[in-house]
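What follows is the content of input_33.pdb, which has PDB, C-alpha atoms:
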MODEL        1
ATOM      1  CA  MET V   1     -30.064 -19.046   3.387
ATOM      2  CA  MET V   2     -26.322 -18.447   3.365
ATOM      3  CA  GLN V   3     -24.940 -16.993   0.150
ATOM      4  CA  ASN V   4     -21.397 -16.957  -1.264
ATOM      5  CA  LYS V   5     -20.003 -18.773   1.741
ATOM      6  CA  VAL V   6     -17.264 -21.347   2.327
ATOM      7  CA  ILE V   7     -17.494 -23.539   5.417
ATOM      8  CA  VAL V   8     -14.388 -25.549   6.243
ATOM      9  CA  VAL V   9     -14.561 -28.585   8.535
ATOM     10  CA  ALA V  10     -10.949 -29.220   9.491
ATOM     11  CA  GLY V  11      -8.799 -30.519  12.320
ATOM     12  CA  PRO V  12      -6.973 -33.684  13.353
ATOM     13  CA  THR V  13      -7.482 -37.176  12.014
ATOM     14  CA  ALA V  14     -10.244 -39.270  13.603
ATOM     15  CA  SER V  15     -11.992 -36.204  15.040
ATOM     16  CA  GLY V  16     -15.251 -36.759  13.123
ATOM     17  CA  LYS V  17     -14.772 -34.321  10.230
ATOM     18  CA  THR V  18     -16.466 -36.482   7.610
ATOM     19  CA  ALA V  19     -19.702 -36.988   9.547
ATOM     20  CA  LEU V  20     -19.947 -33.304  10.492
ATOM     21  CA  SER V  21     -19.214 -32.072   6.973
ATOM     22  CA  ILE V  22     -21.928 -34.339   5.559
ATOM     23  CA  GLU V  23     -24.449 -33.097   8.115
ATOM     24  CA  ILE V  24     -23.623 -29.468   7.300
ATOM     25  CA  ALA V  25     -23.691 -30.047   3.537
ATOM     26  CA  GLN V  26     -27.069 -31.778   3.763
ATOM     27  CA  LYS V  27     -28.515 -28.913   5.781
ATOM     28  CA  LEU V  28     -27.236 -26.424   3.191
ATOM     29  CA  ASN V  29     -28.093 -28.613   0.191
ATOM     30  CA  THR V  30     -24.571 -28.296  -1.163
ATOM     31  CA  GLU V  31     -21.483 -30.367  -1.999
ATOM     32  CA  ILE V  32     -18.173 -31.243  -0.324
ATOM     33  CA  ILE V  33     -14.647 -30.589  -1.563
ATOM     34  CA  ASN V  34     -12.313 -33.088   0.057
ATOM     35  CA  CYS V  35      -9.050 -31.555   1.247
ATOM     36  CA  ASP V  36      -7.221 -34.652   2.486
ATOM     37  CA  SER V  37      -4.036 -35.182   0.467
ATOM     38  CA  ARG V  38      -4.116 -38.969   0.916
ATOM     39  CA  GLN V  39      -7.784 -39.545   0.114
ATOM     40  CA  LEU V  40      -7.177 -38.087  -3.338
ATOM     41  CA  TYR V  41      -5.759 -41.403  -4.528
ATOM     42  CA  GLN V  42      -7.874 -44.278  -5.774
ATOM     43  CA  GLU V  43      -5.363 -46.915  -4.631
ATOM     44  CA  LEU V  44      -5.572 -45.779  -0.996
ATOM     45  CA  ASN V  45      -8.724 -46.705   0.866
ATOM     46  CA  ILE V  46      -8.627 -48.393   4.278
ATOM     47  CA  GLY V  47      -5.370 -46.799   5.422
ATOM     48  CA  VAL V  48      -6.557 -43.253   4.738
ATOM     49  CA  ALA V  49     -10.041 -43.655   6.242
ATOM     50  CA  ARG V  50     -11.668 -42.790   2.947
ATOM     51  CA  PRO V  51     -15.399 -41.943   3.304
ATOM     52  CA  THR V  52     -17.591 -45.010   2.957
ATOM     53  CA  ARG V  53     -19.801 -45.650  -0.041
ATOM     54  CA  GLU V  54     -22.826 -44.656   2.056
ATOM     55  CA  GLU V  55     -21.159 -41.378   3.048
ATOM     56  CA  LEU V  56     -20.187 -40.623  -0.544
ATOM     57  CA  ASN V  57     -23.755 -41.320  -1.641
ATOM     58  CA  ALA V  58     -25.208 -39.084   1.075
ATOM     59  CA  VAL V  59     -23.565 -35.937  -0.339
ATOM     60  CA  LYS V  60     -21.649 -35.355  -3.556
ATOM     61  CA  HIS V  61     -17.903 -35.331  -2.801
ATOM     62  CA  HIS V  62     -15.108 -34.000  -4.976
ATOM     63  CA  PHE V  63     -11.469 -35.172  -4.851
ATOM     64  CA  VAL V  64     -12.036 -38.569  -3.298
ATOM     65  CA  ALA V  65     -10.175 -41.352  -5.170
ATOM     66  CA  GLU V  66      -9.954 -39.236  -8.332
ATOM     67  CA  PHE V  67      -6.198 -39.526  -8.936
ATOM     68  CA  SER V  68      -3.547 -42.233  -9.009
ATOM     69  CA  ILE V  69      -0.490 -42.635  -6.791
ATOM     70  CA  PHE V  70       1.476 -42.928 -10.030
ATOM     71  CA  SER V  71       0.571 -39.316 -10.925
ATOM     72  CA  PRO V  72       0.869 -37.481  -7.595
ATOM     73  CA  VAL V  73      -0.991 -34.220  -7.068
ATOM     74  CA  SER V  74       0.847 -31.302  -5.451
ATOM     75  CA  ALA V  75      -0.851 -28.787  -3.185
ATOM     76  CA  GLY V  76      -0.596 -26.160  -5.911
ATOM     77  CA  SER V  77      -2.113 -28.392  -8.586
ATOM     78  CA  PHE V  78      -4.882 -29.435  -6.214
ATOM     79  CA  ALA V  79      -5.687 -25.814  -5.384
ATOM     80  CA  ASN V  80      -5.844 -24.774  -9.045
ATOM     81  CA  ILE V  81      -8.336 -27.513  -9.909
ATOM     82  CA  ALA V  82     -10.310 -27.338  -6.664
ATOM     83  CA  ARG V  83     -10.819 -23.582  -6.930
ATOM     84  CA  LEU V  84     -12.578 -23.957 -10.267
ATOM     85  CA  ILE V  85     -14.950 -26.527  -8.807
ATOM     86  CA  LEU V  86     -15.441 -24.465  -5.644
ATOM     87  CA  HIS V  87     -16.458 -21.383  -7.646
ATOM     88  CA  SER V  88     -18.896 -23.487  -9.665
ATOM     89  CA  ILE V  89     -20.527 -24.953  -6.538
ATOM     90  CA  VAL V  90     -20.858 -21.579  -4.827
ATOM     91  CA  LYS V  91     -22.402 -20.101  -7.963
ATOM     92  CA  GLU V  92     -24.967 -22.909  -8.168
ATOM     93  CA  LYS V  93     -25.584 -23.734  -4.493
ATOM     94  CA  GLY V  94     -24.675 -20.513  -2.656
ATOM     95  CA  THR V  95     -22.315 -22.298  -0.285
ATOM     96  CA  VAL V  96     -19.727 -25.079  -0.306
ATOM     97  CA  VAL V  97     -18.272 -27.305   2.410
ATOM     98  CA  VAL V  98     -14.542 -28.078   2.443
ATOM     99  CA  CYS V  99     -13.464 -31.063   4.541
ATOM    100  CA  GLY V 100      -9.965 -32.222   5.400
ATOM    101  CA  GLY V 101      -6.990 -32.130   7.699
ATOM    102  CA  THR V 102      -4.086 -31.470   5.327
ATOM    103  CA  GLY V 103      -3.060 -27.954   6.284
ATOM    104  CA  LEU V 104      -0.855 -27.265   3.272
ATOM    105  CA  TYR V 105      -3.582 -28.224   0.795
ATOM    106  CA  LEU V 106      -6.192 -26.222   2.698
ATOM    107  CA  LYS V 107      -3.918 -23.189   2.797
ATOM    108  CA  ALA V 108      -3.303 -23.485  -0.931
ATOM    109  CA  LEU V 109      -7.030 -23.694  -1.610
ATOM    110  CA  LEU V 110      -8.022 -20.756   0.600
ATOM    111  CA  HIS V 111      -5.043 -18.433   0.110
ATOM    112  CA  GLY V 112      -3.465 -19.415  -3.172
ATOM    113  CA  PHE V 113      -0.028 -20.913  -3.609
ATOM    114  CA  ASP V 114       3.408 -19.544  -4.375
ATOM    115  CA  GLU V 115       4.365 -20.130  -7.998
ATOM    116  CA  LEU V 116       7.527 -22.157  -7.575
ATOM    117  CA  PRO V 117       9.700 -23.734 -10.288
ATOM    118  CA  GLU V 118       9.271 -27.340 -11.331
ATOM    119  CA  VAL V 119      12.010 -29.624 -10.010
ATOM    120  CA  ASP V 120      13.978 -32.052 -12.188
ATOM    121  CA  ILE V 121      13.469 -35.701 -11.307
ATOM    122  CA  GLU V 122      17.243 -36.159 -10.898
ATOM    123  CA  ILE V 123      17.331 -33.450  -8.223
ATOM    124  CA  ARG V 124      14.362 -34.972  -6.416
ATOM    125  CA  GLN V 125      15.982 -38.397  -6.420
ATOM    126  CA  LYS V 126      19.254 -36.956  -5.112
ATOM    127  CA  VAL V 127      17.462 -35.198  -2.250
ATOM    128  CA  ASN V 128      15.565 -38.384  -1.396
ATOM    129  CA  ARG V 129      18.804 -40.357  -1.261
ATOM    130  CA  ILE V 130      20.323 -37.851   1.140
ATOM    131  CA  TYR V 131      17.300 -38.042   3.406
ATOM    132  CA  GLU V 132      17.095 -41.833   3.334
ATOM    133  CA  ASN V 133      20.838 -42.301   3.973
ATOM    134  CA  GLU V 134      21.624 -39.410   6.332
ATOM    135  CA  GLY V 135      18.332 -38.056   7.643
ATOM    136  CA  THR V 136      17.132 -34.503   8.331
ATOM    137  CA  PRO V 137      20.478 -33.171   9.726
ATOM    138  CA  ALA V 138      22.067 -33.659   6.314
ATOM    139  CA  LEU V 139      19.181 -31.850   4.626
ATOM    140  CA  ILE V 140      19.453 -28.926   7.034
ATOM    141  CA  GLN V 141      23.218 -28.696   6.519
ATOM    142  CA  ALA V 142      22.866 -28.718   2.726
ATOM    143  CA  ILE V 143      20.146 -26.046   2.829
ATOM    144  CA  GLU V 144      22.064 -23.753   5.188
ATOM    145  CA  GLN V 145      25.126 -23.895   2.935
ATOM    146  CA  LEU V 146      22.982 -22.407   0.167
ATOM    147  CA  ASP V 147      20.648 -20.169   2.165
ATOM    148  CA  SER V 148      21.388 -19.530   5.828
ATOM    149  CA  GLU V 149      17.920 -18.053   6.456
ATOM    150  CA  ALA V 150      15.809 -20.720   4.741
ATOM    151  CA  VAL V 151      15.360 -23.085   7.704
ATOM    152  CA  ASN V 152      13.082 -22.009  10.547
ATOM    153  CA  SER V 153      12.308 -23.873  13.756
ATOM    154  CA  GLN V 154       9.061 -25.418  12.443
ATOM    155  CA  MET V 155      10.736 -26.670   9.284
ATOM    156  CA  ARG V 156      13.392 -28.565  11.260
ATOM    157  CA  GLN V 157      10.703 -31.031  12.354
ATOM    158  CA  ASN V 158       9.199 -31.384   8.883
ATOM    159  CA  PRO V 159      11.232 -33.616   6.501
ATOM    160  CA  ALA V 160       8.862 -32.976   3.591
ATOM    161  CA  ARG V 161       9.420 -29.209   3.768
ATOM    162  CA  LEU V 162      13.163 -29.669   4.161
ATOM    163  CA  LYS V 163      13.318 -31.866   1.076
ATOM    164  CA  ARG V 164      11.180 -29.446  -0.910
ATOM    165  CA  THR V 165      13.357 -26.496   0.131
ATOM    166  CA  LEU V 166      16.594 -28.222  -0.883
ATOM    167  CA  GLU V 167      15.046 -29.246  -4.211
ATOM    168  CA  LEU V 168      14.110 -25.631  -4.960
ATOM    169  CA  LEU V 169      17.511 -24.255  -4.011
ATOM    170  CA  TRP V 170      19.331 -26.797  -6.168
ATOM    171  CA  GLN V 171      16.889 -26.198  -9.016
ATOM    172  CA  SER V 172      17.609 -22.444  -8.930
ATOM    173  CA  PRO V 173      21.349 -21.954  -8.252
ATOM    174  CA  GLY V 174      22.317 -18.651  -6.667
ATOM    175  CA  LYS V 175      18.799 -17.761  -5.540
ATOM    176  CA  LYS V 176      17.494 -17.611  -1.985
ATOM    177  CA  LEU V 177      14.230 -19.213  -0.937
ATOM    178  CA  VAL V 178      12.651 -15.809  -0.384
ATOM    179  CA  ASP V 179      13.494 -14.906  -3.993
ATOM    180  CA  LEU V 180      11.654 -17.968  -5.254
ATOM    181  CA  ARG V 181       8.463 -17.181  -3.393
ATOM    182  CA  LYS V 182       6.282 -14.546  -5.013
ATOM    183  CA  ASN V 183       4.022 -14.299  -1.968
ATOM    184  CA  GLN V 184       1.093 -13.261  -4.101
ATOM    185  CA  GLU V 185      -1.827 -14.459  -2.053
ATOM    186  CA  LYS V 186      -4.959 -15.065  -4.056
ATOM    187  CA  LEU V 187      -7.628 -15.180  -1.395
ATOM    188  CA  LEU V 188     -10.993 -16.696  -2.178
ATOM    189  CA  PRO V 189     -13.574 -13.970  -2.835
ATOM    190  CA  TYR V 190     -15.993 -15.430  -0.273
ATOM    191  CA  PRO V 191     -16.312 -15.215   3.514
ATOM    192  CA  THR V 192     -14.869 -18.387   5.039
ATOM    193  CA  ASP V 193     -15.524 -20.022   8.402
ATOM    194  CA  ILE V 194     -13.232 -22.784   9.663
ATOM    195  CA  ILE V 195     -14.660 -25.276  12.165
ATOM    196  CA  CYS V 196     -12.542 -27.759  14.134
ATOM    197  CA  ILE V 197     -13.847 -30.405  16.534
ATOM    198  CA  ASN V 198     -12.180 -29.957  19.922
ATOM    199  CA  HIS V 199     -11.678 -33.395  21.480
ATOM    200  CA  GLN V 200      -9.702 -33.693  24.694
ATOM    201  CA  LYS V 201      -6.318 -35.244  23.960
ATOM    202  CA  GLU V 202      -7.061 -38.531  25.718
ATOM    203  CA  ALA V 203     -10.398 -38.889  23.935
ATOM    204  CA  LEU V 204      -8.870 -38.129  20.540
ATOM    205  CA  TYR V 205      -6.056 -40.621  21.084
ATOM    206  CA  ALA V 206      -8.589 -43.275  22.091
ATOM    207  CA  ARG V 207     -10.529 -42.606  18.879
ATOM    208  CA  ILE V 208      -7.315 -42.943  16.875
ATOM    209  CA  ASN V 209      -6.401 -46.259  18.505
ATOM    210  CA  GLU V 210      -9.907 -47.574  17.887
ATOM    211  CA  ARG V 211      -9.830 -46.447  14.256
ATOM    212  CA  VAL V 212      -6.519 -48.230  13.639
ATOM    213  CA  ASP V 213      -7.983 -51.421  15.121
ATOM    214  CA  GLN V 214     -10.934 -51.062  12.758
ATOM    215  CA  MET V 215      -8.576 -50.581   9.821
ATOM    216  CA  ILE V 216      -6.759 -53.780  10.712
ATOM    217  CA  GLU V 217     -10.055 -55.676  10.893
ATOM    218  CA  ALA V 218     -11.111 -54.179   7.549
ATOM    219  CA  GLY V 219      -8.005 -55.507   5.795
ATOM    220  CA  LEU V 220      -5.320 -52.810   5.978
ATOM    221  CA  LYS V 221      -2.559 -55.442   5.935
ATOM    222  CA  LYS V 222      -3.840 -56.887   2.638
ATOM    223  CA  GLU V 223      -4.181 -53.403   1.140
ATOM    224  CA  ALA V 224      -0.619 -52.530   2.159
ATOM    225  CA  ARG V 225       0.664 -55.849   0.793
ATOM    226  CA  GLU V 226      -0.816 -55.067  -2.618
ATOM    227  CA  LEU V 227       0.914 -51.669  -2.593
ATOM    228  CA  PHE V 228       4.258 -53.015  -1.309
ATOM    229  CA  PRO V 229       5.846 -53.263  -4.806
ATOM    230  CA  HIS V 230       5.378 -49.488  -5.132
ATOM    231  CA  LYS V 231       6.734 -48.564  -1.694
ATOM    232  CA  HIS V 232       9.241 -46.142  -3.266
ATOM    233  CA  LEU V 233       6.470 -43.755  -4.333
ATOM    234  CA  GLU V 234       6.230 -40.539  -2.311
ATOM    235  CA  SER V 235       2.462 -40.943  -1.923
ATOM    236  CA  LEU V 236       3.042 -44.228  -0.069
ATOM    237  CA  LYS V 237       5.569 -42.858   2.399
ATOM    238  CA  THR V 238       2.793 -42.241   4.861
ATOM    239  CA  VAL V 239       1.356 -43.552   8.105
ATOM    240  CA  GLY V 240      -0.364 -46.908   7.896
ATOM    241  CA  TYR V 241       1.519 -48.080   4.846
ATOM    242  CA  SER V 242       5.175 -47.357   5.625
ATOM    243  CA  GLU V 243       4.936 -49.282   8.910
ATOM    244  CA  PHE V 244       3.499 -52.333   7.162
ATOM    245  CA  PHE V 245       6.224 -52.103   4.522
ATOM    246  CA  ARG V 246       8.752 -52.349   7.361
ATOM    247  CA  HIS V 247       6.824 -55.351   8.694
ATOM    248  CA  PHE V 248       6.932 -57.085   5.300
ATOM    249  CA  GLU V 249      10.677 -56.488   5.176
ATOM    250  CA  GLY V 250      11.087 -58.214   8.547
ATOM    251  CA  GLU V 251      12.010 -55.098  10.506
ATOM    252  CA  LEU V 252       8.872 -55.180  12.687
ATOM    253  CA  ASN V 253       6.599 -57.944  13.869
ATOM    254  CA  GLU V 254       2.870 -57.395  13.334
ATOM    255  CA  GLU V 255       2.156 -56.209  16.874
ATOM    256  CA  GLU V 256       5.018 -53.699  16.729
ATOM    257  CA  CYS V 257       3.762 -52.540  13.346
ATOM    258  CA  ILE V 258       0.219 -51.874  14.579
ATOM    259  CA  ASN V 259       1.420 -50.137  17.730
ATOM    260  CA  LEU V 260       3.685 -47.930  15.613
ATOM    261  CA  ILE V 261       0.810 -47.000  13.308
ATOM    262  CA  LYS V 262      -1.168 -45.884  16.348
ATOM    263  CA  GLN V 263       1.786 -43.928  17.736
ATOM    264  CA  HIS V 264       2.585 -42.213  14.429
ATOM    265  CA  THR V 265      -1.081 -41.365  13.885
ATOM    266  CA  ARG V 266      -1.289 -39.799  17.343
ATOM    267  CA  ASN V 267       1.880 -37.820  16.592
ATOM    268  CA  TYR V 268       0.371 -36.633  13.323
ATOM    269  CA  ALA V 269      -2.868 -35.595  15.043
ATOM    270  CA  LYS V 270      -0.889 -33.565  17.569
ATOM    271  CA  ARG V 271       0.880 -31.719  14.741
ATOM    272  CA  GLN V 272      -2.456 -31.088  13.038
ATOM    273  CA  VAL V 273      -3.975 -29.567  16.179
ATOM    274  CA  THR V 274      -0.946 -27.300  16.589
ATOM    275  CA  TRP V 275      -1.101 -26.224  12.946
ATOM    276  CA  PHE V 276      -4.794 -25.357  12.978
ATOM    277  CA  LYS V 277      -4.491 -23.478  16.263
ATOM    278  CA  ASN V 278      -1.499 -21.459  15.060
ATOM    279  CA  GLN V 279      -2.237 -21.040  11.360
ATOM    280  CA  THR V 280      -6.006 -20.536  11.128
ATOM    281  CA  PRO V 281      -8.750 -18.502  12.825
ATOM    282  CA  ALA V 282     -10.661 -21.704  13.496
ATOM    283  CA  MET V 283     -13.737 -21.943  15.674
ATOM    284  CA  TRP V 284     -13.245 -24.969  17.955
ATOM    285  CA  ILE V 285     -16.492 -26.737  18.767
ATOM    286  CA  GLU V 286     -17.427 -29.505  21.183
ATOM    287  CA  PRO V 287     -17.767 -33.039  19.736
ATOM    288  CA  LYS V 288     -21.488 -33.285  20.530
ATOM    289  CA  GLN V 289     -22.368 -29.709  19.593
ATOM    290  CA  SER V 290     -25.580 -29.461  17.594
ATOM    291  CA  ILE V 291     -25.732 -28.258  14.019
ATOM    292  CA  ASP V 292     -28.104 -25.449  15.029
ATOM    293  CA  SER V 293     -25.657 -24.071  17.605
ATOM    294  CA  ILE V 294     -22.816 -24.347  15.083
ATOM    295  CA  PHE V 295     -24.796 -22.356  12.525
ATOM    296  CA  ALA V 296     -25.676 -19.793  15.168
ATOM    297  CA  SER V 297     -21.957 -19.220  15.679
ATOM    298  CA  ILE V 298     -21.147 -18.891  11.966
ATOM    299  CA  SER V 299     -21.187 -15.355  10.684
ATOM    300  CA  ASN V 300     -23.426 -14.707   7.701
ATOM    301  CA  ASP V 301     -21.626 -11.745   6.164
TER     302      ASP V 301
ENDMDL
END

structure tokens encoding of this file:
Amino acid sequence: MMQNKVIVVAGPTASGKTALSIEIAQKLNTEIINCDSRQLYQELNIGVARPTREELNAVKHHFVAEFSIFSPVSAGSFANIARLILHSIVKEKGTVVVCGGTGLYLKALLHGFDELPEVDIEIRQKVNRIYENEGTPALIQAIEQLDSEAVNSQMRQNPARLKRTLELLWQSPGKKLVDLRKNQEKLLPYPTDIICINHQKEALYARINERVDQMIEAGLKKEARELFPHKHLESLKTVGYSEFFRHFEGELNEEECINLIKQHTRNYAKRQVTWFKNQTPAMWIEPKQSIDSIFASISND
């Protein structure tokens, strides 16, 4: 039996993480910590492919629909809470399974998180207005005026990181981004194996398109309509909901909306694959690979 071990099932959306994590957790008689930043929220269900009731009953899950979109959870806050639960599960069960595709939240959980200052709501609103009115070029220009070394090539394609960086620089006048980061990694005290399911691009994109069609049949439009009055919330500025909000406002017809959800989800999956290949020592497995062969490949140090 494995002892003091963390097994992470990660990778792109629609790759089959939930089913694999449940199978692994059942074999190890342990529990699952969900590491999907959108599945945290109780108001989001169909559009975030939340595990079904049957899946949740099969294995105990943590951090599925436990918070509200009206009280958003940052990666740092998630990591602080999740680490306490993770330690408790490992102590009782010997192992724990972590499942999710949100790289920032996974990194925070496994490696700790920089202790950064809280940002005033007025600053956050100002940054959001700049982004909504002028886009990422305006964010980059504002950041570089304050800290010429803060923006790297990866960040230029990531509006969320750009907004966060500008917030921090405005919150702490005269300081550089590097000064605000303490870089004190707090690694988990357990061996960790990261597993990603390696679909061919065409196969993954087909799975994504099929999943979106299933979401539409399950009532995604109705779910998005109910959330439309709260469209300004950061937690709702995400694929599957933002496109329907544009549809409700008359900017897109329904067919354009659905096609855009598929396109944006494929784009997101591509970014996820790149992140996990570049940022983690993941073991990429074949979609049909057996549990026994997966366990044979996992070190038991």

Inset, instruction - Could you tell me how far CA of Val97 (chain V) lies from CA of Glu55 (chain V), in Å and to one decimal? - result: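 We find that CA of Val97 (chain V) and CA of Glu55 (chain V) lie 14.4 Å from each other.
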
Inset, instruction - Compare V:Ser172, V:Gly250, V:Leu110, V:Asp120 by their minimum atom-to-atom distance to Asn80 (chain V), counting only C-alpha atoms, and give me the closest one. - result: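 Of all the options, V:Leu110 lies closest to Asn80 (chain V).
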
Inset, instruction - Go through V:Pro12, V:Gly47, V:Gly100, V:Pro189 and flag the residue nearest Lys222 (chain V), using all atoms listed in the file for the distances. - result: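 Ranked by minimum distance to Lys222 (chain V), first place goes to V:Gly47.
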
Residues near Ala14 (chain V), cut-off 9 Å, all atoms listed in the file, skip fewer than 4 positions along chain, as a PDB file with C-alpha atoms, in the frame of the given file:
ATOM      1  CA  ALA V  49     -10.041 -43.655   6.242  1.00  0.00           C
ATOM      2  CA  LEU V 204      -8.870 -38.129  20.540  1.00  0.00           C
ATOM      3  CA  TYR V 205      -6.056 -40.621  21.084  1.00  0.00           C
ATOM      4  CA  ARG V 207     -10.529 -42.606  18.879  1.00  0.00           C
ATOM      5  CA  ILE V 208      -7.315 -42.943  16.875  1.00  0.00           C
ATOM      6  CA  ARG V 211      -9.830 -46.447  14.256  1.00  0.00           C
ATOM      7  CA  ALA V 269      -2.868 -35.595  15.043  1.00  0.00           C
TER       8      ALA V 269
END

Legend entry - Contacts of Ile143 (chain V) within 12 Å, only C-alpha atoms, excl. fewer than 6 positions in-chain, as a ChimeraX atom specification: /V:127,130,136-137,149-152,155-156,161-170,173,175-177

Inset, instruction - Determine the residue membership of the PyMOL selection byres ((chain V and resi 279) around 12) for the file above and supply it as an NGL selection string. - result: :V and (11 or 103-104 or 106-107 or 111 or 194 or 271-278 or 280-282)

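Take CA of Tyr241 (chain V) and CA of Phe78 (chain V): the distance between them is 22.6 Å.
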
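Take CA of Lys93 (chain V) and CA of Thr192 (chain V): the distance between them is 15.3 Å.
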
Legend entry - Picked residues, the PyMOL selection byres ((chain V and resi 231-239) around 8), as a list in words: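 Output of the PyMOL selection byres ((chain V and resi 231-239) around 8): Arg38, Gly47, Ile69, Phe70, Pro72, Leu227, Phe228, Pro229, His230, Gly240, Tyr241, Ser242, Glu243, Phe245, Ile261, His264 and Thr265 of chain V.
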
Inset, instruction - Expand the PyMOL selection byres ((chain V and resi 196-198) around 7) into the individual residues it matches in the shown file, reporting them as a count of residues only. - result: 14

Legend entry - Within 10 Å of Leu188 (chain V) using all atoms listed in the file, minus same-chain residues under 3 positions, as a PyMOL selection string: chain V and resi 6+83+86-87+109-112+185+191-192

Legend entry - Using all atoms listed in the file: which of V:Ala138, V:Val119, V:Val64, V:Cys99 has the shortest distance to Glu23 (chain V):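 Comparing V:Ala138, V:Val119, V:Val64, V:Cys99 against Glu23 (chain V), the winner is V:Cys99.
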
Completed region 268-279 of chain V (N, CA and C atoms) as a compact mmCIF listing (two decimals), in the frame of the given file:
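Final output, saved to out-v4.txt:
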# COMPACT_ATOMS: atom_id res chain seq x y z
N TYR V 268 0.87 -37.44 14.44
CA TYR V 268 0.37 -36.63 13.32
C TYR V 268 -0.80 -35.77 13.77
N ALA V 269 -1.71 -36.35 14.55
CA ALA V 269 -2.87 -35.60 15.04
C ALA V 269 -2.42 -34.42 15.91
N LYS V 270 -1.40 -34.64 16.73
CA LYS V 270 -0.89 -33.56 17.57
C LYS V 270 -0.36 -32.42 16.71
N ARG V 271 0.36 -32.76 15.64
CA ARG V 271 0.88 -31.72 14.74
C ARG V 271 -0.27 -30.99 14.05
N GLN V 272 -1.31 -31.73 13.68
CA GLN V 272 -2.46 -31.09 13.04
C GLN V 272 -3.13 -30.08 13.97
N VAL V 273 -3.34 -30.47 15.21
CA VAL V 273 -3.98 -29.57 16.18
C VAL V 273 -3.14 -28.30 16.32
N THR V 274 -1.84 -28.46 16.45
CA THR V 274 -0.95 -27.30 16.59
C THR V 274 -1.04 -26.40 15.37
N TRP V 275 -1.06 -27.01 14.18
CA TRP V 275 -1.10 -26.22 12.95
C TRP V 275 -2.40 -25.43 12.87
N PHE V 276 -3.52 -26.06 13.11
CA PHE V 276 -4.79 -25.36 12.98
C PHE V 276 -4.98 -24.29 14.05
N LYS V 277 -4.40 -24.50 15.22
CA LYS V 277 -4.49 -23.48 16.26
C LYS V 277 -3.60 -22.28 15.96
N ASN V 278 -2.46 -22.54 15.32
CA ASN V 278 -1.50 -21.46 15.06
C ASN V 278 -1.68 -20.79 13.71
N GLN V 279 -2.22 -21.53 12.74
CA GLN V 279 -2.24 -21.04 11.36
C GLN V 279 -3.61 -20.61 10.85
